[in-house]
Structures are given as C-alpha cells and as structure tokens.
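Chemist: Please find one structure pasted underneath; my questions will follow.
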Amino acid sequence: MDTIIIIPAFNEETTIKEVILGIKQILKDVEIVVINDRSTDGTAKEALKAGATVLDLPLKLGYWGALQTGFLYGYRKGFEYFVTMDADGQHPPEAVSKLLPPLKEKKAEVVIGACLERGGIAKKLAWKIFRILTGVKVKDLTSGFRAYSQRAVSLLIKEDLVILDNADLASLMLLNHYGLKMLEVPVRICNRRGGTSKLFSSPFKIAHYLALSLILSVSKRRII
C-alpha cells in the first residue's frame, strides 16, 4: 500500500459515508483517512462506519490545519502518494486514477484535478490576478482535488507553515518556489451534495479572495 487518501471534514455527516464507500469501490489498496475538524454532527461516526481511519482534532484547526494533520500522519507512515479530496462529494473517486499516473511515472510532483468551466467572471479574474502576481502557472487554483509526491508533502508539513490560512493558494506558491513540477488534468466536478461553498459564497468572499491574492504575493517571502 503506497497511497493515502486524505479527507478533511467538518459537519459532513450527510455525504462522508457515500464518499468513502465510493473510493473503496474504485481503489482497493489505499488507506482512507478522514480528519475530523471538531464536527458537531455525526461525521466521525459515519466515516468509521464506512471503514475509514478517523483522526479527531483536539481543537478546530480549519482546512489547512486538517490537511497538514493528514499529511503528517501519512508521511510518518511512509506513504509515497497523497491524494486530497473534499468530503462533500464533489470529487468523483474514479478520477483519482487520472491523478496518480503522472506521479508514479515521475512526470510531476503535484497533480491537480482541474475543472476550468466552474466559476463566474469575478472568480476567474481573481485567478488571473493571482497567476500574474505570483508566477504560479496553474489555472484551477482552488481545486482541493490534488495528488502529491512524498517530496511535495515533506515541504508542506513544515512547522512554520502552520500559520497559513488559505491552503489552496499558499501551498501552490510554496511548491512553485521550490521548483516542483505541477500538472493539471481535467476532471468532472460534481455538484455539492451537502453544505455550502465557503470561499465563493458571496461577492464579499470574492473580494476577500482578491485581496488575499495581493497580500500573499507581496508577502510570499515570509511564507517560503
């Protein structure tokens, strides 16, 4: 077993079991780890029922903290390939088979499941600004559906990166800085089956994202 599937989760009891069972139908020789970020519903119980390993965080760390916890767990256990998926059912398990081959064939160290059709004008403008300011040549910047090599994860679990708030953006900046090759593969993103989108749920959120892009680009030397 050389692959770990990491699923950060907060109050996703309505979808987490289906997500895990879907993965198990497609991928037989992987460990599925759910990082339970202080859910107040039955997320952990449903994940355990479905056969996943569940790591219960002692305090709410947010998406990035949950991801780092999963990375650290997998890294210490010696996994070679790390796949991150959302707990809301947006990422189809069958698409994992498109992310892993480029890693195993050494064609890239980060593979992103990209859905370029989603998002309105404001979101695409935010992406364009970020790419121009940072030099990160990735089109779908906010996709959480990714596969990482062990080397990439070794950079993402550094203690001084705990302070990062937006994992999607800052992690790409870090890995780009170290010269890791990134590859995007097209995937179909399903509609959310539970919860709501947190990053682009309102015009205010989009404005916040644009501002964050500027701040990260100006202060990136502090991140890396």
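We label chains A, B, ... in the order they appear in the structure tokens, count residues from 1 in each chain, and number ligands from 1 in the order shown.
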If you count only C-alpha atoms, which residues fall within 8 Å of A:Leu175, apart from same-chain ones fewer than 5 positions away, as a list in words?

Modeler: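 Residues meeting the cut-off are Ala152, Leu155 and Leu180 of chain A.
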
Chemist: Among stretch 55-183 of chain A, which ones does DSSP place in strand (DSSP E or B), written as a PyMOL selection string?

Modeler: chain A and resi 55-56+81-84+110-114+146-149+182-183

Chemist: Show which residues sit within 9 Å of A:Tyr81, as a list of chain:residue names. Count only C-alpha atoms, and ignore same-chain residues fewer than 3 positions away.

Modeler: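 Answer for this query is A:Asp2, A:Thr3, A:Ile4, A:Ile5, A:Gly74, A:Leu100, A:Leu103, A:Lys104, A:Ala147, A:Tyr148, A:Ser149, A:Gln150, A:Val153.
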
Chemist: Using DSSP on the backbone coordinates, identify all residues within stretch 13-86 of chain A classified as alpha helix (DSSP H); present the result as a PyMOL selection string.

Modeler: chain A and resi 16-26+43-49+62-76

Chemist: Go ahead and write the residues just picked, C-alpha atoms, as a tab-separated table (two decimals), in the first residue's frame.

Modeler:
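Listed below is the output, out_31.tsv:
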```tsv
chain	number	residue	atom	x	y	z
A	16	ILE	CA	-18.94	11.43	4.11
A	17	LYS	CA	-20.09	7.80	4.14
A	18	GLU	CA	-21.02	7.86	0.46
A	19	VAL	CA	-17.69	9.49	-0.42
A	20	ILE	CA	-15.71	6.82	1.44
A	21	LEU	CA	-17.69	3.90	0.04
A	22	GLY	CA	-17.27	5.34	-3.45
A	23	ILE	CA	-13.50	5.42	-3.02
A	24	LYS	CA	-13.42	1.86	-1.68
A	25	GLN	CA	-15.30	0.60	-4.73
A	26	ILE	CA	-12.75	2.10	-7.10
A	43	THR	CA	-19.31	12.98	10.66
A	44	ALA	CA	-16.80	10.87	12.61
A	45	LYS	CA	-19.33	8.12	13.31
A	46	GLU	CA	-20.37	7.86	9.66
A	47	ALA	CA	-16.73	7.81	8.50
A	48	LEU	CA	-15.87	5.00	10.90
A	49	LYS	CA	-18.93	3.07	9.78
A	62	GLY	CA	-9.55	24.77	9.78
A	63	TYR	CA	-8.96	23.27	6.35
A	64	TRP	CA	-5.21	23.83	6.21
A	65	GLY	CA	-4.59	22.52	9.71
A	66	ALA	CA	-6.65	19.43	8.93
A	67	LEU	CA	-4.71	18.87	5.72
A	68	GLN	CA	-1.37	19.20	7.49
A	69	THR	CA	-2.51	16.69	10.08
A	70	GLY	CA	-3.32	14.21	7.33
A	71	PHE	CA	-0.05	14.89	5.54
A	72	LEU	CA	1.96	14.38	8.72
A	73	TYR	CA	0.12	11.15	9.52
A	74	GLY	CA	0.75	9.74	6.04
A	75	TYR	CA	4.35	10.95	5.87
A	76	ARG	CA	5.23	9.29	9.18
```

Chemist: I'd like the interatomic distance between atom CA of A:Glu109 and atom CA of A:Leu133, to a tenth of an Å.

Modeler: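 Computing it gives 22.7 Å between the two atoms.
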
Chemist: Which residues are close to A:Val185, i.e. within 9 Å by only C-alpha atoms, leaving aside same-chain residues fewer than 5 positions away? Reply as a list in words.

Modeler: Lys98, Leu99, Val111, Ile112, Gly113, Ala114 and Cys115 of chain A

Chemist: Check which residues of stretch 20-96 of chain A sit at most 7 Å from stretch 134-146 of chain A using only C-alpha atoms, and return one row each with the closest pair of atoms and their distance in Å to one decimal, ordered by chain and rising number, as a tab-separated table.

Modeler:
```
residue	atom	partner	partner_atom	distance
A:Val83	CA	A:Arg146	CA	5.6
A:Thr84	CA	A:Arg146	CA	5.4
A:Met85	CA	A:Phe145	CA	5.0
A:Asp86	CA	A:Gly144	CA	6.6
A:His91	CA	A:Phe145	CA	6.7
```
